[in-house]
file coords-v2.txt (compact mmCIF, C-alpha atoms)
# COMPACT_ATOMS: atom_id res chain seq x y z
CA MET A 1 -40.10 -7.55 -55.19
CA PRO A 2 -38.24 -6.14 -52.17
CA PRO A 3 -36.46 -2.80 -52.49
CA LEU A 4 -32.74 -2.54 -53.06
CA SER A 5 -32.22 -1.92 -49.35
CA SER A 6 -33.24 -5.51 -48.59
CA ILE A 7 -30.27 -6.89 -50.55
CA GLN A 8 -27.65 -8.00 -48.06
CA ASN A 9 -23.97 -9.02 -48.13
CA ASN A 10 -22.44 -9.96 -51.49
CA GLY A 11 -25.72 -9.47 -53.29
CA GLN A 12 -27.55 -12.30 -51.57
CA LEU A 13 -30.71 -12.16 -49.49
CA ARG A 14 -30.36 -13.67 -46.07
CA GLU A 15 -32.65 -16.63 -45.53
CA GLY A 16 -35.99 -15.55 -44.17
CA SER A 17 -35.50 -11.91 -45.27
CA LEU A 18 -38.16 -11.96 -48.00
CA ARG A 19 -41.76 -11.23 -47.01
CA ARG A 20 -44.62 -12.52 -49.12
CA ASP A 21 -48.15 -11.55 -48.09
CA HIS A 22 -46.71 -10.49 -44.72
CA THR A 23 -45.39 -14.04 -44.09
CA ILE A 24 -41.65 -14.66 -43.74
CA THR A 25 -40.45 -17.33 -46.15
CA VAL A 26 -37.11 -18.93 -46.87
CA GLY A 27 -35.56 -17.74 -50.13
CA THR A 28 -34.91 -20.50 -52.66
CA PRO A 29 -32.05 -20.19 -55.17
CA SER A 30 -34.43 -19.60 -58.09
CA LEU A 31 -36.34 -16.96 -56.14
CA LEU A 32 -33.19 -15.17 -55.07
CA ARG A 33 -31.92 -15.22 -58.63
CA ALA A 34 -35.21 -13.74 -59.85
CA ILE A 35 -34.94 -10.95 -57.27
CA ASN A 36 -31.38 -10.16 -58.29
CA GLU A 37 -32.31 -10.19 -61.99
CA ARG A 38 -35.13 -7.78 -61.27
CA THR A 39 -32.78 -5.48 -59.37
CA VAL A 40 -30.28 -5.40 -62.25
CA LEU A 41 -33.04 -4.97 -64.85
CA GLU A 42 -34.57 -2.00 -63.03
CA LEU A 43 -31.13 -0.45 -62.57
CA ILE A 44 -30.35 -0.71 -66.29
CA HIS A 45 -33.76 0.73 -67.11
CA ARG A 46 -33.28 3.74 -64.81
CA GLN A 47 -29.60 4.46 -65.48
CA GLY A 48 -29.22 3.50 -69.13
CA PRO A 49 -26.41 1.36 -70.55
CA LEU A 50 -24.20 -0.06 -67.77
CA SER A 51 -21.27 -2.41 -67.56
CA ARG A 52 -21.19 -5.32 -65.12
CA ALA A 53 -18.80 -3.42 -62.85
CA GLN A 54 -20.98 -0.30 -62.90
CA ALA A 55 -24.11 -2.30 -62.11
CA ALA A 56 -22.33 -3.99 -59.20
CA ARG A 57 -21.00 -0.70 -57.83
CA ILE A 58 -24.35 1.13 -58.02
CA SER A 59 -26.53 -1.72 -56.76
CA GLY A 60 -24.25 -3.09 -54.07
CA LEU A 61 -24.54 -6.58 -55.54
CA SER A 62 -21.39 -8.64 -55.98
CA LYS A 63 -19.83 -8.88 -59.43
CA PRO A 64 -20.52 -12.65 -59.67
CA THR A 65 -24.18 -12.00 -58.78
CA VAL A 66 -24.47 -9.27 -61.42
CA SER A 67 -22.80 -11.51 -64.01
CA LEU A 68 -25.23 -14.33 -63.25
CA SER A 69 -28.18 -11.94 -63.42
CA LEU A 70 -27.06 -10.45 -66.74
CA THR A 71 -26.61 -13.91 -68.20
CA GLY A 72 -30.20 -14.75 -67.30
CA LEU A 73 -31.50 -11.44 -68.65
CA LEU A 74 -29.59 -11.92 -71.91
CA GLU A 75 -30.96 -15.44 -72.33
CA SER A 76 -34.48 -14.13 -71.72
CA GLY A 77 -34.04 -11.35 -74.29
CA LEU A 78 -34.71 -8.64 -71.70
CA VAL A 79 -31.34 -6.91 -72.08
CA ARG A 80 -28.81 -6.77 -74.90
CA GLU A 81 -25.19 -5.87 -75.40
CA VAL A 82 -24.83 -2.35 -76.70
CA GLY A 83 -21.09 -1.91 -77.18
CA ARG A 84 -18.06 -1.25 -75.06
CA SER A 85 -17.54 1.65 -72.68
CA ARG A 86 -15.20 4.52 -73.48
CA GLY A 87 -13.49 7.27 -71.55
CA GLU A 88 -12.91 5.40 -68.28
CA ARG A 89 -9.56 4.34 -66.90
CA GLY A 90 -8.55 0.77 -67.60
CA PRO A 91 -9.78 -1.56 -70.32
CA SER A 92 -13.15 -1.00 -71.93
CA ALA A 93 -16.10 -3.09 -70.73
CA MET A 94 -19.20 -4.42 -72.43
CA GLN A 95 -22.32 -2.40 -71.64
CA TYR A 96 -25.89 -3.59 -71.44
CA GLU A 97 -29.21 -1.89 -72.06
CA LEU A 98 -32.89 -2.81 -71.93
CA ASN A 99 -33.70 -4.73 -75.11
CA PRO A 100 -36.27 -2.60 -76.97
CA LEU A 101 -37.48 -5.68 -78.87
CA ALA A 102 -38.70 -7.35 -75.68
CA GLY A 103 -42.13 -5.73 -75.99
CA TRP A 104 -44.22 -2.84 -77.28
CA VAL A 105 -46.96 -0.66 -75.82
CA VAL A 106 -49.65 1.66 -77.16
CA GLY A 107 -51.04 4.73 -75.41
CA ILE A 108 -54.34 6.27 -76.56
CA ASP A 109 -55.84 9.63 -75.58
CA VAL A 110 -59.55 9.84 -76.44
CA GLY A 111 -61.11 13.27 -76.19
CA ARG A 112 -64.09 15.14 -77.55
CA LYS A 113 -62.07 16.71 -80.37
CA TRP A 114 -59.03 14.47 -80.88
CA VAL A 115 -57.86 10.89 -80.67
CA ARG A 116 -54.11 10.81 -80.12
CA ALA A 117 -52.13 7.59 -80.01
CA ALA A 118 -48.50 6.46 -79.94
CA ILE A 119 -46.61 3.18 -79.95
CA ALA A 120 -43.36 2.73 -78.01
CA ASP A 121 -40.89 -0.08 -77.51
CA ILE A 122 -40.27 -1.46 -74.03
CA ALA A 123 -37.38 0.98 -73.57
CA GLY A 124 -39.82 3.87 -73.96
CA THR A 125 -38.78 5.08 -77.41
CA ILE A 126 -41.77 6.38 -79.40
CA LEU A 127 -41.82 4.57 -82.75
CA ALA A 128 -44.88 6.17 -84.33
CA ARG A 129 -47.71 8.55 -83.49
CA ARG A 130 -51.06 9.51 -84.97
CA ASP A 131 -53.48 12.39 -84.26
CA GLU A 132 -56.98 12.29 -85.75
CA ARG A 133 -60.16 14.29 -85.29
CA ALA A 134 -62.40 12.26 -83.02
CA LYS A 135 -65.43 10.64 -84.63
CA VAL A 136 -67.83 11.07 -81.73
CA SER A 137 -71.16 10.58 -83.49
CA SER A 138 -71.55 7.31 -81.58
CA ALA A 139 -69.56 5.04 -79.28
CA ARG A 140 -69.42 2.36 -82.01
CA THR A 141 -67.88 4.78 -84.50
CA LEU A 142 -65.34 6.01 -81.95
CA ILE A 143 -64.38 2.46 -80.94
CA GLY A 144 -63.84 1.56 -84.60
CA GLN A 145 -61.66 4.62 -85.03
CA ILE A 146 -59.58 3.67 -81.99
CA GLY A 147 -59.01 0.18 -83.36
CA GLY A 148 -58.03 1.49 -86.79
CA ILE A 149 -55.56 4.00 -85.37
CA ALA A 150 -53.98 1.39 -83.09
CA ARG A 151 -53.40 -1.12 -85.88
CA ARG A 152 -52.02 1.49 -88.26
CA LEU A 153 -49.63 2.59 -85.51
CA ALA A 154 -48.36 -0.94 -85.07
CA GLY A 155 -47.68 -1.18 -88.79
CA GLU A 156 -45.85 2.15 -88.78
CA GLY A 157 -43.82 0.95 -85.80
CA GLY A 158 -42.78 -2.16 -87.71
CA VAL A 159 -44.60 -4.70 -85.53
CA GLN A 160 -47.74 -6.80 -85.78
CA TRP A 161 -50.60 -5.78 -83.53
CA LYS A 162 -50.52 -9.16 -81.75
CA GLN A 163 -46.96 -8.32 -80.63
CA VAL A 164 -48.18 -5.35 -78.58
CA THR A 165 -47.74 -6.24 -74.92
CA HIS A 166 -50.14 -3.74 -73.38
CA ALA A 167 -52.28 -0.72 -74.20
CA VAL A 168 -53.67 2.06 -72.00
CA LEU A 169 -56.62 4.19 -73.05
CA GLY A 170 -57.25 7.53 -71.37
CA SER A 171 -60.61 9.28 -71.61
CA PRO A 172 -62.85 11.57 -69.56
CA GLY A 173 -64.85 9.90 -66.83
CA VAL A 174 -64.40 7.39 -64.04
CA PHE A 175 -63.72 3.77 -64.88
CA ASP A 176 -65.85 1.36 -62.87
CA PRO A 177 -64.03 -2.01 -62.95
CA ALA A 178 -66.81 -3.77 -61.05
CA HIS A 179 -69.44 -3.03 -63.72
CA GLY A 180 -67.17 -2.55 -66.74
CA TYR A 181 -68.15 0.93 -67.85
CA VAL A 182 -66.96 4.53 -67.76
CA ALA A 183 -69.15 6.86 -65.69
CA MET A 184 -69.38 10.66 -65.74
CA ALA A 185 -68.22 11.20 -69.33
CA PRO A 186 -71.06 13.31 -70.81
CA ASN A 187 -68.86 14.89 -73.49
CA LEU A 188 -68.38 11.55 -75.31
CA PRO A 189 -71.73 10.26 -76.64
CA GLY A 190 -72.42 6.69 -75.61
CA TRP A 191 -69.18 6.43 -73.64
CA GLY A 192 -70.99 5.69 -70.40
CA ARG A 193 -73.02 2.76 -71.67
CA HIS A 194 -72.63 -0.73 -70.29
CA GLY A 195 -70.52 -3.03 -72.44
CA LEU A 196 -68.22 -0.24 -73.61
CA VAL A 197 -65.13 -1.69 -71.95
CA GLU A 198 -65.76 -5.14 -73.41
CA ALA A 199 -66.38 -3.60 -76.84
CA VAL A 200 -63.05 -1.74 -76.78
CA ARG A 201 -61.18 -4.82 -75.60
CA GLU A 202 -62.81 -6.90 -78.31
CA GLU A 203 -61.88 -4.30 -80.91
CA LEU A 204 -58.26 -4.12 -79.81
CA GLY A 205 -57.88 -7.79 -78.99
CA THR A 206 -55.06 -7.15 -76.54
CA ASN A 207 -54.50 -6.34 -72.89
CA VAL A 208 -55.88 -2.84 -72.33
CA ASN A 209 -56.43 -0.72 -69.24
CA PHE A 210 -58.76 2.27 -68.96
CA GLU A 211 -57.75 5.38 -67.02
CA ASN A 212 -59.10 8.87 -66.45
CA ASP A 213 -57.39 11.28 -68.84
CA VAL A 214 -56.54 13.91 -66.22
CA ASN A 215 -55.01 11.25 -63.97
CA LEU A 216 -52.75 10.25 -66.86
CA ALA A 217 -51.76 13.88 -67.44
CA ALA A 218 -50.77 14.17 -63.77
CA LEU A 219 -48.72 10.96 -63.98
CA ALA A 220 -46.95 12.34 -67.05
CA GLU A 221 -46.16 15.58 -65.22
CA ARG A 222 -44.84 13.61 -62.26
CA ALA A 223 -42.54 11.65 -64.54
CA HIS A 224 -41.54 14.23 -67.14
CA GLY A 225 -42.81 17.70 -66.23
CA HIS A 226 -43.36 20.16 -63.39
CA GLY A 227 -44.38 17.40 -60.97
CA ARG A 228 -40.92 15.87 -60.76
CA ASN A 229 -39.64 15.98 -57.20
CA VAL A 230 -42.95 17.47 -56.00
CA SER A 231 -44.74 15.29 -53.47
CA ASN A 232 -48.07 17.13 -53.41
CA PHE A 233 -49.61 18.75 -56.46
CA VAL A 234 -52.81 18.87 -58.47
CA PHE A 235 -53.39 18.93 -62.21
CA LEU A 236 -56.39 21.04 -63.23
CA SER A 237 -57.51 20.39 -66.78
CA VAL A 238 -59.87 22.93 -68.37
CA GLY A 239 -61.15 22.42 -71.90
CA THR A 240 -64.33 20.86 -73.25
CA GLY A 241 -64.74 19.54 -69.72
CA ILE A 242 -63.06 20.11 -66.37
CA GLY A 243 -61.23 17.63 -64.18
CA MET A 244 -58.56 17.52 -61.50
CA ALA A 245 -56.01 14.86 -60.59
CA LEU A 246 -54.53 14.72 -57.10
CA VAL A 247 -51.00 13.58 -56.30
CA ILE A 248 -50.55 13.19 -52.54
CA ASP A 249 -47.25 12.07 -51.01
CA GLY A 250 -46.04 11.24 -54.50
CA GLN A 251 -48.97 8.92 -55.28
CA LEU A 252 -52.05 9.40 -57.43
CA TYR A 253 -55.08 9.62 -55.14
CA ARG A 254 -58.29 8.09 -56.53
CA GLY A 255 -60.69 8.19 -53.59
CA ALA A 256 -63.19 5.56 -52.45
CA HIS A 257 -64.90 5.21 -55.84
CA GLY A 258 -62.24 6.48 -58.23
CA ALA A 259 -63.95 9.87 -58.42
CA ALA A 260 -61.41 11.97 -56.52
CA GLY A 261 -60.78 15.15 -58.48
CA GLU A 262 -64.15 15.28 -60.26
CA VAL A 263 -64.32 19.01 -59.56
CA ALA A 264 -66.75 19.49 -62.44
CA TYR A 265 -69.45 18.74 -59.86
CA MET A 266 -68.38 21.35 -57.32
CA PRO A 267 -71.29 23.77 -56.68
CA LEU A 268 -69.46 26.81 -58.01
CA GLY A 269 -71.05 29.20 -60.49
CA MET A 270 -74.25 27.21 -60.16
CA GLY A 271 -76.92 29.57 -61.41
CA ASP A 272 -80.13 27.56 -61.10
CA PRO A 273 -79.31 24.58 -58.82
CA HIS A 274 -82.23 22.67 -60.38
CA ASP A 275 -80.92 23.03 -63.93
CA PRO A 276 -80.59 19.46 -65.33
CA ALA A 277 -77.32 20.45 -67.02
CA ASN A 278 -75.77 21.10 -63.60
CA ARG A 279 -76.68 17.59 -62.46
CA ARG A 280 -75.47 15.91 -65.65
CA ARG A 281 -72.24 17.75 -66.41
CA GLY A 282 -71.59 19.47 -63.09
CA ALA A 283 -72.18 23.06 -62.06
CA PHE A 284 -68.55 24.12 -62.24
CA GLU A 285 -68.03 22.51 -65.65
CA GLU A 286 -71.11 24.29 -66.99
CA ALA A 287 -69.72 27.58 -65.71
CA ALA A 288 -66.01 27.37 -66.52
CA ALA A 289 -65.43 24.81 -69.29
CA ALA A 290 -65.54 25.67 -73.00
CA ALA A 291 -69.30 26.07 -73.24
CA GLY A 292 -69.29 28.33 -70.18
CA VAL A 293 -66.58 30.58 -71.65
CA VAL A 294 -68.59 30.97 -74.87
CA ARG A 295 -71.74 31.66 -72.84
CA ILE A 296 -70.02 34.50 -70.96
CA ALA A 297 -68.77 36.02 -74.21
CA ARG A 298 -72.21 35.86 -75.77
CA LYS A 299 -73.80 37.56 -72.74
CA LEU A 300 -71.20 40.32 -72.94
CA GLY A 301 -72.04 40.97 -76.57
CA MET A 302 -69.38 39.15 -78.57
CA ARG A 303 -70.67 38.01 -81.95
CA MET A 304 -71.07 34.43 -83.03
CA PRO A 305 -69.58 32.10 -84.09
CA LEU A 306 -67.50 31.88 -80.96
CA SER A 307 -65.05 29.38 -79.51
CA PRO A 308 -62.61 29.60 -76.60
CA GLU A 309 -59.74 29.71 -79.10
CA LYS A 310 -61.21 32.75 -80.85
CA ILE A 311 -62.00 34.48 -77.57
CA PHE A 312 -58.49 34.06 -76.15
CA MET A 313 -56.98 35.10 -79.48
CA ALA A 314 -59.08 38.25 -79.46
CA ALA A 315 -57.99 39.00 -75.88
CA ARG A 316 -54.35 38.79 -76.99
CA ARG A 317 -55.12 41.42 -79.64
CA GLY A 318 -56.51 43.73 -76.95
CA HIS A 319 -60.23 43.14 -77.56
CA LEU A 320 -61.84 44.64 -74.43
CA VAL A 321 -64.85 42.32 -74.19
CA ALA A 322 -62.70 39.24 -74.80
CA SER A 323 -60.35 40.43 -72.07
CA ARG A 324 -63.32 40.67 -69.68
CA VAL A 325 -64.27 37.09 -70.55
CA VAL A 326 -60.73 35.92 -69.77
CA GLN A 327 -60.76 37.79 -66.45
CA THR A 328 -64.06 36.15 -65.52
CA GLU A 329 -62.70 32.71 -66.42
CA ALA A 330 -59.55 33.32 -64.38
CA ALA A 331 -61.65 34.34 -61.37
CA ARG A 332 -63.68 31.14 -61.60
CA LEU A 333 -60.58 28.96 -61.86
CA ALA A 334 -59.03 30.80 -58.92
CA LEU A 335 -62.15 30.11 -56.86
CA ALA A 336 -61.86 26.38 -57.63
CA ILE A 337 -58.19 26.38 -56.64
CA ALA A 338 -59.01 28.30 -53.46
CA THR A 339 -61.69 25.72 -52.63
CA VAL A 340 -59.38 22.69 -52.77
CA THR A 341 -56.21 24.34 -51.41
CA PRO A 342 -57.22 24.51 -47.72
CA VAL A 343 -58.17 20.81 -47.87
CA LEU A 344 -55.16 19.41 -49.75
CA ASP A 345 -52.51 22.12 -49.28
CA PRO A 346 -50.79 21.34 -52.60
CA GLU A 347 -47.38 22.78 -53.31
CA LEU A 348 -48.22 23.18 -56.97
CA VAL A 349 -51.21 23.55 -59.30
CA ILE A 350 -50.57 22.60 -62.93
CA LEU A 351 -53.01 23.96 -65.50
CA GLY A 352 -53.73 21.94 -68.63
CA GLY A 353 -56.38 21.41 -71.27
CA GLY A 354 -57.21 23.61 -74.25
CA ILE A 355 -58.24 26.53 -72.03
CA GLY A 356 -55.90 25.94 -69.12
CA ARG A 357 -52.82 26.11 -71.35
CA ASN A 358 -53.41 29.85 -71.98
CA GLY A 359 -51.05 30.76 -69.19
CA ASP A 360 -49.99 34.06 -70.71
CA LEU A 361 -53.52 35.35 -70.10
CA LEU A 362 -54.67 33.32 -67.09
CA LEU A 363 -51.77 33.04 -64.65
CA GLU A 364 -51.52 36.65 -63.53
CA PRO A 365 -55.25 37.17 -62.82
CA ILE A 366 -55.49 33.73 -61.13
CA GLU A 367 -52.59 34.59 -58.83
CA ARG A 368 -54.09 38.01 -58.14
CA GLU A 369 -57.41 36.44 -57.16
CA LEU A 370 -55.70 33.85 -54.96
CA ARG A 371 -53.91 36.61 -53.05
CA GLN A 372 -57.34 38.03 -52.21
CA LEU A 373 -58.84 34.66 -51.27
CA LEU A 374 -56.14 32.82 -49.31
CA PRO A 375 -53.43 33.58 -46.73
CA PHE A 376 -51.33 30.76 -48.28
CA ARG A 377 -51.18 29.85 -51.93
CA PRO A 378 -49.80 27.09 -54.12
CA ARG A 379 -47.55 27.89 -57.04
CA VAL A 380 -49.55 27.90 -60.31
CA VAL A 381 -47.92 26.89 -63.62
CA VAL A 382 -48.99 25.71 -67.06
CA SER A 383 -48.35 22.11 -68.07
CA ALA A 384 -44.86 21.49 -69.39
CA LEU A 385 -46.21 18.80 -71.72
CA GLY A 386 -48.99 20.72 -73.47
CA GLU A 387 -51.50 18.72 -75.47
CA ASP A 388 -49.32 15.59 -75.16
CA ALA A 389 -49.74 15.22 -71.39
CA VAL A 390 -52.49 12.59 -71.48
CA LEU A 391 -50.83 10.60 -74.26
CA ARG A 392 -47.47 10.58 -72.51
CA GLY A 393 -49.15 9.46 -69.32
CA ALA A 394 -50.89 6.63 -71.18
CA VAL A 395 -47.62 5.44 -72.70
CA ALA A 396 -45.79 5.65 -69.36
CA THR A 397 -48.53 3.70 -67.58
CA ALA A 398 -48.59 1.05 -70.31
CA LEU A 399 -44.82 0.71 -70.03
CA ASP A 400 -45.03 0.06 -66.29
CA VAL A 401 -47.51 -2.76 -66.86
CA ALA A 402 -45.68 -4.18 -69.88
CA ARG A 403 -42.32 -4.31 -68.11
CA GLU A 404 -43.89 -6.31 -65.30
CA ARG A 405 -45.46 -8.69 -67.80
CA VAL A 406 -42.31 -9.06 -69.89
CA PHE A 407 -40.15 -9.73 -66.86
CA ALA A 408 -42.66 -12.32 -65.63
CA ARG A 409 -42.08 -14.28 -68.85
CA SER A 410 -38.40 -14.92 -68.05
CA PRO A 411 -37.66 -18.61 -67.21
CA VAL A 412 -36.03 -17.77 -63.88
CA ARG A 413 -38.96 -15.63 -62.76
CA GLN A 414 -41.43 -18.35 -63.75
CA ALA A 415 -39.41 -20.95 -61.87
CA ALA A 416 -39.37 -18.71 -58.81
CA GLU A 417 -43.15 -18.27 -58.94
CA VAL A 418 -43.67 -22.01 -59.25
CA THR A 419 -41.36 -22.60 -56.29
CA THR A 420 -43.08 -20.09 -54.03
CA GLY A 421 -46.60 -20.45 -55.34
call {"tool": "encode", "arguments": {"input": "coords-v2.txt", "output": "structure tokens"}}
result
Amino acid sequence: MPPLSSIQNNGQLREGSLRRDHTITVGTPSLLRAINERTVLELIHRQGPLSRAQAARISGLSKPTVSLSLTGLLESGLVREVGRSRGERGPSAMQYELNPLAGWVVGIDVGRKWVRAAIADIAGTILARRDERAKVSSARTLIGQIGGIARRLAGEGGVQWKQVTHAVLGSPGVFDPAHGYVAMAPNLPGWGRHGLVEAVREELGTNVNFENDVNLAALAERAHGHGRNVSNFVFLSVGTGIGMALVIDGQLYRGAHGAAGEVAYMPLGMGDPHDPANRRRGAFEEAAAAAGVVRIARKLGMRMPLSPEKIFMAARRGHLVASRVVQTEAARLALAIATVTPVLDPELVILGGGIGRNGDLLLEPIERELRQLLPFRPRVVVSALGEDAVLRGAVATALDVARERVFARSPVRQAAEVTTG
């Protein structure tokens, strides 16, 4: 659909103003009506409940055009009346909002330790959420768990699973759409096997997209967190694994093969370059992710059993060896940031993941190291969304897809596609 700026006098598109596949076409009445409906629908979605007069004033469309568009959207069940306005001069006016019953979405965050999922209506309201320990003994077990969680969520949200419009699943690794599998996900057993994507889609029985978990976290930060109004930033997730998402000129950058941001494989902290672990998981991940933090602590004499949580907790209590481990981890993360900064020049680095969220211990030494390494430095902050970043990104991405699909079901939109197809 063309942007709002292409709408001309009195809310109508001039003939020949619409481009489709770079070819100028003449706008038919049904097509123009579909465009105007889409404009009003997006406006109501962004701004919340609006009256006809408000929608006309903000969009620049004429009042008759807005009225016609709202009638079509009401008949399609995409918007609903929500009551009359108050507090403005003159008589009250009926207001309209996105109809939450027009569709539902599910977002799923699959990690080594947790499976988190939520269901939302098409307006973006979260209806139910579940967090369960991940059953990662095999891909089959994990897929079954995902299906069970999703269906229970639908029941808790008061809908049948078949009513769910779209689902998005975020996990470590790079989704290969050409071959239907997720590559570079060594922390989830069996997750990289062929047939995984088909198995998940068969289990869920609905439209589902796969996305890298760190990419989803970055999209969530762009929409709801520190990334708002920031054109260039990176999200560095440090936990069981390590990954980075790149937002350049306001858009998620994936690279030629979808592997942009796979900083786990940067040759930092390599040790033995021929170590098979470095080739499988990546040298930087081996050095700076959870297993690497525990390895440093063990070498420095901390007693087992150890985990990053215990080490950072001990550092907060003033444990000297634990504090040395944290300083070493901060130096490694600073080196990674210093490696990508001269290439991308991001305004902002957002830290996330189970380790990255320890900003009270990591931010100051990271910034100190960066001052020694670089003449220019990005701002470094901890994720505003915490452990929910990936899940919120999955829900937001599913909503974008679902709104497109729901709008495409409207009679006017279908007529327009038939006319121009």
call {"tool": "atom_distance", "arguments": {"input": "coords-v2.txt", "atom1": "CA of Val168 in chain A", "atom2": "CA of Gln47 in chain A"}}
result
25.1 Å
call {"tool": "residues_around", "arguments": {"input": "coords-v2.txt", "residues": "range 393-402 of chain A", "least_positions_apart": "4", "cutoff": "8 Å", "atoms": "only C-alpha atoms", "output": "PDB file with C-alpha atoms, in the coordinates of the input"}}
result
ATOM      1  CA  GLY A 103     -42.130  -5.730 -75.990  1.00  0.00           C
ATOM      2  CA  TRP A 104     -44.220  -2.840 -77.280  1.00  0.00           C
ATOM      3  CA  VAL A 105     -46.960  -0.660 -75.820  1.00  0.00           C
ATOM      4  CA  VAL A 106     -49.650   1.660 -77.160  1.00  0.00           C
ATOM      5  CA  GLY A 107     -51.040   4.730 -75.410  1.00  0.00           C
ATOM      6  CA  ILE A 108     -54.340   6.270 -76.560  1.00  0.00           C
ATOM      7  CA  ASP A 109     -55.840   9.630 -75.580  1.00  0.00           C
ATOM      8  CA  ALA A 118     -48.500   6.460 -79.940  1.00  0.00           C
ATOM      9  CA  ILE A 119     -46.610   3.180 -79.950  1.00  0.00           C
ATOM     10  CA  ALA A 120     -43.360   2.730 -78.010  1.00  0.00           C
ATOM     11  CA  ILE A 122     -40.270  -1.460 -74.030  1.00  0.00           C
ATOM     12  CA  GLY A 124     -39.820   3.870 -73.960  1.00  0.00           C
ATOM     13  CA  THR A 165     -47.740  -6.240 -74.920  1.00  0.00           C
ATOM     14  CA  HIS A 166     -50.140  -3.740 -73.380  1.00  0.00           C
ATOM     15  CA  ALA A 167     -52.280  -0.720 -74.200  1.00  0.00           C
ATOM     16  CA  VAL A 168     -53.670   2.060 -72.000  1.00  0.00           C
ATOM     17  CA  LEU A 169     -56.620   4.190 -73.050  1.00  0.00           C
ATOM     18  CA  GLY A 170     -57.250   7.530 -71.370  1.00  0.00           C
ATOM     19  CA  LEU A 216     -52.750  10.250 -66.860  1.00  0.00           C
ATOM     20  CA  ALA A 217     -51.760  13.880 -67.440  1.00  0.00           C
ATOM     21  CA  ALA A 218     -50.770  14.170 -63.770  1.00  0.00           C
ATOM     22  CA  LEU A 219     -48.720  10.960 -63.980  1.00  0.00           C
ATOM     23  CA  ALA A 220     -46.950  12.340 -67.050  1.00  0.00           C
ATOM     24  CA  GLU A 221     -46.160  15.580 -65.220  1.00  0.00           C
ATOM     25  CA  ALA A 389     -49.740  15.220 -71.390  1.00  0.00           C
ATOM     26  CA  VAL A 406     -42.310  -9.060 -69.890  1.00  0.00           C
TER      27      VAL A 406
END
call {"tool": "atom_distance", "arguments": {"input": "coords-v2.txt", "atom1": "CA of Arg295 in chain A", "atom2": "CA of Gly318 in chain A"}}
result
19.9 Å
call {"tool": "closest_residue", "arguments": {"input": "coords-v2.txt", "among": "A:Gln372, A:Ser67, A:Ser323, A:Thr240", "to": "Gly356 in chain A", "atoms": "all atoms listed in the file"}}
result
A:Thr240
call {"tool": "atom_distance", "arguments": {"input": "coords-v2.txt", "atom1": "CA of Pro365 in chain A", "atom2": "CA of Leu335 in chain A"}}
result
11.5 Å
call {"tool": "closest_atom_pairs", "arguments": {"input": "coords-v2.txt", "of": "range 284-360 of chain A", "to": "range 245-258 of chain A", "cutoff": "12 Å", "atoms": "all atoms listed in the file", "output": "tab-separated table"}}
result
residue	atom	partner	partner_atom	distance
A:Val340	CA	A:Leu246	CA	10.3
A:Thr341	CA	A:Leu246	CA	11.3
A:Val343	CA	A:Leu246	CA	11.6
A:Leu344	CA	A:Ile248	CA	8.2
A:Asp345	CA	A:Ile248	CA	9.7
A:Pro346	CA	A:Ile248	CA	8.2
A:Glu347	CA	A:Ile248	CA	10.1
A:Leu348	CA	A:Val247	CA	10.0
A:Val349	CA	A:Leu246	CA	9.7
A:Ile350	CA	A:Ala245	CA	9.7
A:Leu351	CA	A:Ala245	CA	10.8
A:Gly352	CA	A:Ala245	CA	11.0
call {"tool": "closest_residue", "arguments": {"input": "coords-v2.txt", "among": "A:Ala56, A:Val110, A:Val321, A:Leu50", "to": "Arg84 in chain A", "atoms": "all atoms listed in the file"}}
result
A:Leu50
call {"tool": "residues_around", "arguments": {"input": "coords-v2.txt", "residues": "Glu203 in chain A", "least_positions_apart": "4", "cutoff": "8 Å", "atoms": "only C-alpha atoms", "output": "mmCIF file with C-alpha atoms, keeping the file's coordinate frame"}}
result
data_model
loop_
_atom_site.group_PDB
_atom_site.id
_atom_site.type_symbol
_atom_site.label_atom_id
_atom_site.label_comp_id
_atom_site.auth_asym_id
_atom_site.auth_seq_id
_atom_site.Cartn_x
_atom_site.Cartn_y
_atom_site.Cartn_z
ATOM 1 C CA ILE A 143 -64.380 2.460 -80.940
ATOM 2 C CA GLY A 144 -63.840 1.560 -84.600
ATOM 3 C CA GLY A 147 -59.010 0.180 -83.360
ATOM 4 C CA ALA A 199 -66.380 -3.600 -76.840
#
call {"tool": "residues_around", "arguments": {"input": "coords-v2.txt", "residues": "Val82 in chain A", "least_positions_apart": "6", "cutoff": "7 Å", "atoms": "only C-alpha atoms", "output": "list in words"}}
result
Gln95, Tyr96 and Glu97 of chain A
call {"tool": "closest_residue", "arguments": {"input": "coords-v2.txt", "among": "A:Leu373, A:Ala139, A:Arg80, A:Arg317", "to": "Leu196 in chain A", "atoms": "only C-alpha atoms"}}
result
A:Ala139
call {"tool": "residues_around", "arguments": {"input": "coords-v2.txt", "residues": "Asp131 in chain A", "least_positions_apart": "3", "cutoff": "7 Å", "atoms": "all atoms listed in the file", "output": "ChimeraX atom specification"}}
result
/A:114-117
call {"tool": "closest_residue", "arguments": {"input": "coords-v2.txt", "among": "A:Lys135, A:Lys310, A:Arg298, A:Arg38", "to": "Ser59 in chain A", "atoms": "only C-alpha atoms"}}
result
A:Arg38
call {"tool": "closest_residue", "arguments": {"input": "coords-v2.txt", "among": "A:Pro305, A:Thr339, A:Gly173, A:Thr328", "to": "Ala260 in chain A", "atoms": "all atoms listed in the file"}}
result
A:Gly173
call {"tool": "residues_around", "arguments": {"input": "coords-v2.txt", "residues": "Leu78 in chain A", "least_positions_apart": "3", "cutoff": "6 Å", "atoms": "only C-alpha atoms", "output": "count of residues only"}}
result
3
call {"tool": "closest_residue", "arguments": {"input": "coords-v2.txt", "among": "A:Val164, A:Glu211, A:Thr141, A:Arg46", "to": "Gly190 in chain A", "atoms": "all atoms listed in the file"}}
result
A:Thr141
